[in-house]
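Have a look at structure09.csv below; it lists CSV, C-alpha atoms.
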```csv
chain,number,residue,atom,x,y,z
A,81,MET,CA,89.5,124.0,91.4
A,82,ARG,CA,88.1,120.8,90.0
A,83,ARG,CA,90.2,121.0,86.9
A,84,ALA,CA,93.3,121.7,89.0
A,85,ARG,CA,92.5,118.6,91.1
A,86,LEU,CA,92.2,116.4,88.0
A,87,VAL,CA,95.5,117.7,86.6
A,88,GLY,CA,97.1,117.0,90.0
A,89,ALA,CA,95.8,113.5,89.9
A,90,ALA,CA,97.0,113.0,86.4
A,91,VAL,CA,100.5,114.0,87.4
A,92,CYS,CA,100.4,111.7,90.4
A,93,LEU,CA,99.2,108.8,88.1
A,94,LEU,CA,102.1,109.5,85.7
A,95,LEU,CA,104.6,109.5,88.5
A,96,PHE,CA,103.2,106.4,90.1
A,97,VAL,CA,103.4,104.6,86.7
A,98,LEU,CA,107.0,105.7,86.2
A,99,LEU,CA,108.0,104.7,89.7
A,100,THR,CA,106.3,101.3,89.3
A,101,VAL,CA,108.1,100.7,86.0
A,102,LEU,CA,111.4,101.6,87.5
A,103,VAL,CA,110.8,99.2,90.4
A,104,ALA,CA,109.9,96.4,87.9
A,105,VAL,CA,112.8,97.1,85.5
A,106,ARG,CA,115.3,97.0,88.4
A,107,ASP,CA,113.7,93.8,89.8
A,108,GLY,CA,112.9,95.6,93.1
A,109,ALA,CA,116.4,96.8,93.8
A,110,PRO,CA,116.6,100.0,95.8
A,111,LEU,CA,116.2,103.2,93.8
A,112,PRO,CA,118.2,106.5,94.4
A,113,GLY,CA,117.5,107.8,97.9
A,114,ASP,CA,116.4,104.4,99.2
A,115,ARG,CA,119.7,103.3,100.7
A,116,ALA,CA,120.6,106.7,102.1
A,117,SER,CA,117.3,107.1,103.9
A,118,HIS,CA,117.5,103.5,105.2
A,119,THR,CA,121.0,104.0,106.5
A,120,TRP,CA,120.1,107.2,108.2
A,121,ALA,CA,117.2,105.5,109.9
A,122,LEU,CA,119.4,102.7,111.2
A,123,GLU,CA,121.9,105.2,112.6
A,124,HIS,CA,119.3,107.3,114.4
A,125,ARG,CA,117.2,105.0,116.6
A,126,PRO,CA,117.1,106.0,120.2
A,127,PRO,CA,114.6,104.0,122.3
A,128,VAL,CA,112.1,106.8,122.7
A,129,ALA,CA,112.0,107.5,119.0
A,130,LEU,CA,111.5,103.8,118.2
A,131,ALA,CA,108.6,103.6,120.7
A,132,VAL,CA,107.0,106.7,119.1
A,133,ALA,CA,107.5,105.3,115.6
A,134,ARG,CA,105.9,102.0,116.6
A,135,ALA,CA,102.9,103.7,118.1
A,136,VAL,CA,102.4,105.9,115.0
A,137,THR,CA,102.8,103.0,112.6
A,138,ALA,CA,100.2,100.9,114.5
A,139,THR,CA,97.6,103.5,113.6
A,140,GLY,CA,98.0,102.8,109.9
A,141,THR,CA,96.6,99.2,109.9
A,142,GLY,CA,93.9,97.0,111.4
A,143,ALA,CA,90.4,98.2,112.1
A,144,LEU,CA,91.2,101.8,113.0
A,145,PRO,CA,91.5,103.2,109.4
A,146,TYR,CA,88.2,101.6,108.5
A,147,LEU,CA,86.5,103.1,111.5
A,148,LEU,CA,88.0,106.5,110.7
A,149,ALA,CA,86.7,106.2,107.1
A,150,VAL,CA,83.2,105.6,108.4
A,151,GLY,CA,83.6,108.6,110.6
A,152,ALA,CA,84.7,110.7,107.7
A,153,GLY,CA,81.5,109.8,105.9
A,154,LEU,CA,79.4,110.6,108.9
A,155,LEU,CA,81.0,114.0,109.1
A,156,ALA,CA,80.4,114.7,105.4
A,157,GLY,CA,76.7,113.9,105.4
A,158,ARG,CA,74.0,116.6,106.0
A,159,ASP,CA,71.3,114.3,107.2
A,160,ALA,CA,70.8,110.6,108.1
A,161,ARG,CA,70.5,109.3,104.6
A,162,GLN,CA,73.5,111.3,103.3
A,163,ARG,CA,75.6,110.2,106.3
A,164,LEU,CA,74.8,106.6,105.6
A,165,CYS,CA,75.6,106.9,101.9
A,166,ALA,CA,78.8,108.9,102.5
A,167,ALA,CA,80.0,106.4,105.2
A,168,ALA,CA,79.4,103.5,102.8
A,169,GLY,CA,81.1,105.3,100.0
A,170,ALA,CA,84.2,106.2,102.1
A,171,LEU,CA,84.5,102.6,103.3
A,172,ALA,CA,84.3,101.4,99.7
A,173,VAL,CA,87.0,103.8,98.6
A,174,LEU,CA,89.3,102.6,101.3
A,175,ALA,CA,88.6,98.9,100.8
A,176,LEU,CA,88.7,98.9,97.0
A,177,GLY,CA,91.9,101.0,97.1
A,178,GLN,CA,93.5,98.4,99.4
A,179,ALA,CA,92.4,95.6,97.0
A,180,VAL,CA,94.0,97.3,94.0
A,181,ARG,CA,97.2,98.1,95.9
A,182,TYR,CA,97.4,94.5,97.0
A,183,GLY,CA,97.2,93.4,93.4
A,184,VAL,CA,100.0,95.8,92.4
A,185,MET,CA,102.1,94.7,95.3
A,186,ASN,CA,101.8,91.0,94.5
A,187,ALA,CA,102.4,91.6,90.8
A,188,LEU,CA,105.7,93.4,91.4
A,189,GLY,CA,106.9,91.3,94.4
A,190,ARG,CA,109.4,93.8,95.5
A,191,PRO,CA,111.6,92.6,98.4
A,192,ARG,CA,111.7,94.5,101.6
A,193,PRO,CA,115.0,95.7,103.2
A,194,ALA,CA,116.9,93.0,105.1
A,195,MET,CA,115.0,91.6,108.0
A,196,ALA,CA,117.9,92.2,110.3
A,197,ASP,CA,117.2,95.9,110.0
A,198,TRP,CA,113.5,95.7,111.0
A,199,ALA,CA,112.4,97.3,114.2
A,200,THR,CA,108.8,96.1,113.9
A,201,HIS,CA,106.8,93.3,112.3
A,202,ALA,CA,106.0,93.3,108.6
A,203,SER,CA,104.6,90.9,106.1
A,204,GLY,CA,104.1,90.7,102.3
A,205,HIS,CA,106.0,92.5,99.6
A,206,SER,CA,107.3,96.0,99.7
A,207,PHE,CA,105.8,98.2,96.9
A,208,PRO,CA,103.7,100.2,97.4
A,209,SER,CA,103.7,100.4,101.2
A,210,GLY,CA,100.4,99.2,102.7
A,211,HIS,CA,100.6,101.4,105.8
A,212,ALA,CA,101.5,104.5,103.7
A,213,THR,CA,98.6,103.8,101.3
A,214,THR,CA,96.1,103.1,104.0
A,215,ALA,CA,97.0,106.1,106.1
A,216,ALA,CA,97.0,108.5,103.1
A,217,LEU,CA,93.6,107.2,101.9
A,218,THR,CA,92.2,107.5,105.4
A,219,ALA,CA,93.7,111.0,105.9
A,220,GLY,CA,92.2,112.1,102.6
A,221,LEU,CA,88.8,110.8,103.5
A,222,LEU,CA,88.9,112.5,106.9
A,223,VAL,CA,90.0,115.8,105.3
A,224,TRP,CA,87.0,115.5,102.9
A,225,GLY,CA,84.7,114.9,105.8
A,226,VAL,CA,86.0,117.7,108.0
A,227,THR,CA,86.1,120.3,105.3
A,228,ARG,CA,82.5,119.4,104.2
A,229,ARG,CA,81.4,119.9,107.7
A,230,SER,CA,83.0,123.3,108.1
A,231,ARG,CA,85.2,125.8,106.2
A,232,SER,CA,86.5,127.5,109.4
A,233,THR,CA,90.1,128.1,110.3
A,234,SER,CA,89.9,125.4,112.9
A,235,ALA,CA,88.6,122.9,110.3
A,236,HIS,CA,91.6,123.7,108.0
A,237,LEU,CA,94.0,123.4,111.0
A,238,THR,CA,92.4,120.0,111.8
A,239,ALA,CA,92.8,119.0,108.1
A,240,ALA,CA,96.5,119.9,108.2
A,241,LEU,CA,97.0,117.8,111.4
A,242,ILE,CA,95.3,114.9,109.8
A,243,LEU,CA,97.5,115.1,106.7
A,244,GLY,CA,100.5,115.3,109.0
A,245,TRP,CA,99.4,112.1,110.7
A,246,GLY,CA,99.0,110.4,107.3
A,247,ALA,CA,102.6,111.4,106.3
A,248,ALA,CA,104.0,110.3,109.7
A,249,VAL,CA,102.6,106.8,109.3
A,250,GLY,CA,104.3,106.4,106.0
A,251,LEU,CA,107.6,107.8,107.2
A,252,SER,CA,107.5,105.6,110.2
A,253,ARG,CA,107.8,102.5,107.9
A,254,VAL,CA,111.1,103.8,106.6
A,255,TYR,CA,112.3,104.7,110.0
A,256,LEU,CA,111.5,101.2,111.3
A,257,GLY,CA,113.4,99.7,108.4
A,258,VAL,CA,110.6,97.6,106.8
A,259,HIS,CA,110.1,99.7,103.7
A,260,TRP,CA,112.2,101.7,101.2
A,261,LEU,CA,111.5,105.4,100.9
A,262,THR,CA,110.1,104.8,97.3
A,263,ASP,CA,107.7,102.2,98.7
A,264,VAL,CA,106.1,105.0,100.8
A,265,LEU,CA,106.2,107.5,97.9
A,266,GLY,CA,104.5,105.0,95.7
A,267,GLY,CA,101.8,104.5,98.4
A,268,TRP,CA,101.2,108.3,98.6
A,269,LEU,CA,101.0,108.7,94.8
A,270,PHE,CA,98.6,105.8,94.5
A,271,ALA,CA,96.4,107.2,97.3
A,272,ALA,CA,96.2,110.6,95.7
A,273,VAL,CA,95.1,109.1,92.4
A,274,TRP,CA,92.6,106.7,94.0
A,275,LEU,CA,91.0,109.4,96.2
A,276,THR,CA,90.4,111.6,93.1
A,277,LEU,CA,89.0,108.7,91.2
A,278,GLY,CA,86.7,107.8,94.1
A,279,THR,CA,85.4,111.4,94.3
A,280,ARG,CA,84.7,111.4,90.5
A,281,LEU,CA,82.8,108.1,90.7
A,282,ALA,CA,80.8,109.2,93.7
A,283,ALA,CA,79.8,112.6,92.1
A,284,PRO,CA,76.7,111.2,90.2
A,285,HIS,CA,75.3,109.9,93.5
A,286,VAL,CA,75.6,113.2,95.4
A,287,PRO,CA,72.3,115.0,95.7
A,288,ALA,CA,72.0,117.8,93.1
A,289,GLU,CA,71.6,120.5,95.8
A,290,ILE,CA,74.8,119.4,97.4
A,291,ARG,CA,76.7,119.5,94.1
A,292,HIS,CA,75.4,123.0,93.5
A,293,GLU,CA,76.6,124.2,96.9
A,294,GLU,CA,80.1,122.7,96.2
A,295,GLN,CA,80.2,124.4,92.8
A,296,VAL,CA,79.2,127.8,94.3
A,297,SER,CA,81.9,127.4,97.0
A,298,GLY,CA,84.5,126.6,94.4
A,299,LYS,CA,85.1,123.0,95.5
```
Could you rewrite the structure in this file as structure tokens?
Amino acid sequence: MRRARLVGAAVCLLLFVLLTVLVAVRDGAPLPGDRASHTWALEHRPPVALAVARAVTATGTGALPYLLAVGAGLLAGRDARQRLCAAAGALAVLALGQAVRYGVMNALGRPRPAMADWATHASGHSFPSGHATTAALTAGLLVWGVTRRSRSTSAHLTAALILGWGAAVGLSRVYLGVHWLTDVLGGWLFAAVWLTLGTRLAAPHVPAEIRHEEQVSGK
């Protein structure tokens, strides 16, 4: 399972690098699929759908993701010390991931879609999407916390719902016209790589008995 996870992260890293190079080579111009998804969003914007999209997108920024990251750590720990360490680690993964993403975003400087098409506020450059990255990182941390707490069917259902929320935040950015589809895809790929890296870096600090339990369970 661990090897498969590393292979998956390597594939995501390769795709992210390729996508980043394409964005850079084309000076930020829309890539295949970007204009089609943007046009579809502009043509399908009933008021109720816009209101829902704005509500969903609001959950992908501000203090909420950081509070959820802390909550993920608290769920993952087995006692007070582990909960404190896990919460600090989850918070660090999210914060450092945001810092790296911000650096990539400013280095590329990809323009957003035309401001006239925006249905919500946005700032900064476009690639990779900050909301998509933040929500994906937060969702991944929450899934980690939930599945460490329990392996039950309800825990896996909760994990699926959390992942659905993370995806919805990213897609809402395209629907609201402030990001290209490939901005969101870039955010998801980056988050997948960063979550795996964070897990690997944190492994030496996990108590030996917990690592043994995870190996036995196949994690």
Closest pair table for range 145-261 of chain A residues within 7 Å of range 119-139 of chain A, only C-alpha atoms, as a Markdown table:
```
| residue | atom | partner | partner_atom | distance |
| --- | --- | --- | --- | --- |
| A:Val249 | CA | A:Thr137 | CA | 5.0 |
| A:Ser252 | CA | A:Ala133 | CA | 5.4 |
| A:Arg253 | CA | A:Thr137 | CA | 6.9 |
| A:Tyr255 | CA | A:Ala121 | CA | 5.0 |
```
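Our summary of the geometry notes that CA of Val87 in chain A is positioned 25.9 Å from CA of Leu251 in chain A.
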Just want the 12 Å neighbourhood of Ala187 in chain A, counted on only C-alpha atoms, with same-chain residues fewer than 2 positions away dropped. Output as a PyMOL selection string.
chain A and resi 100-101+103-104+107-108+180-185+189-191+204-208
Nearest to Thr227 in chain A, chosen from A:Ala156, A:Cys92, A:Ala271, A:Ala149, with all atoms listed in the file counted in the distances:
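Among A:Ala156, A:Cys92, A:Ala271, A:Ala149, it is A:Ala156 that comes nearest to Thr227 in chain A.
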Set the distance at 9 Å and use all atoms listed in the file: which residues neighbour Val223 in chain A once local chain neighbours fewer than 5 positions away are removed? I'd like the list as a ChimeraX atom specification.
/A:152,218,228,235-236,238-240,242-243
Between CA of Phe270 in chain A and CA of Ala90 in chain A, distance in Å (one decimal)
11.0 Å
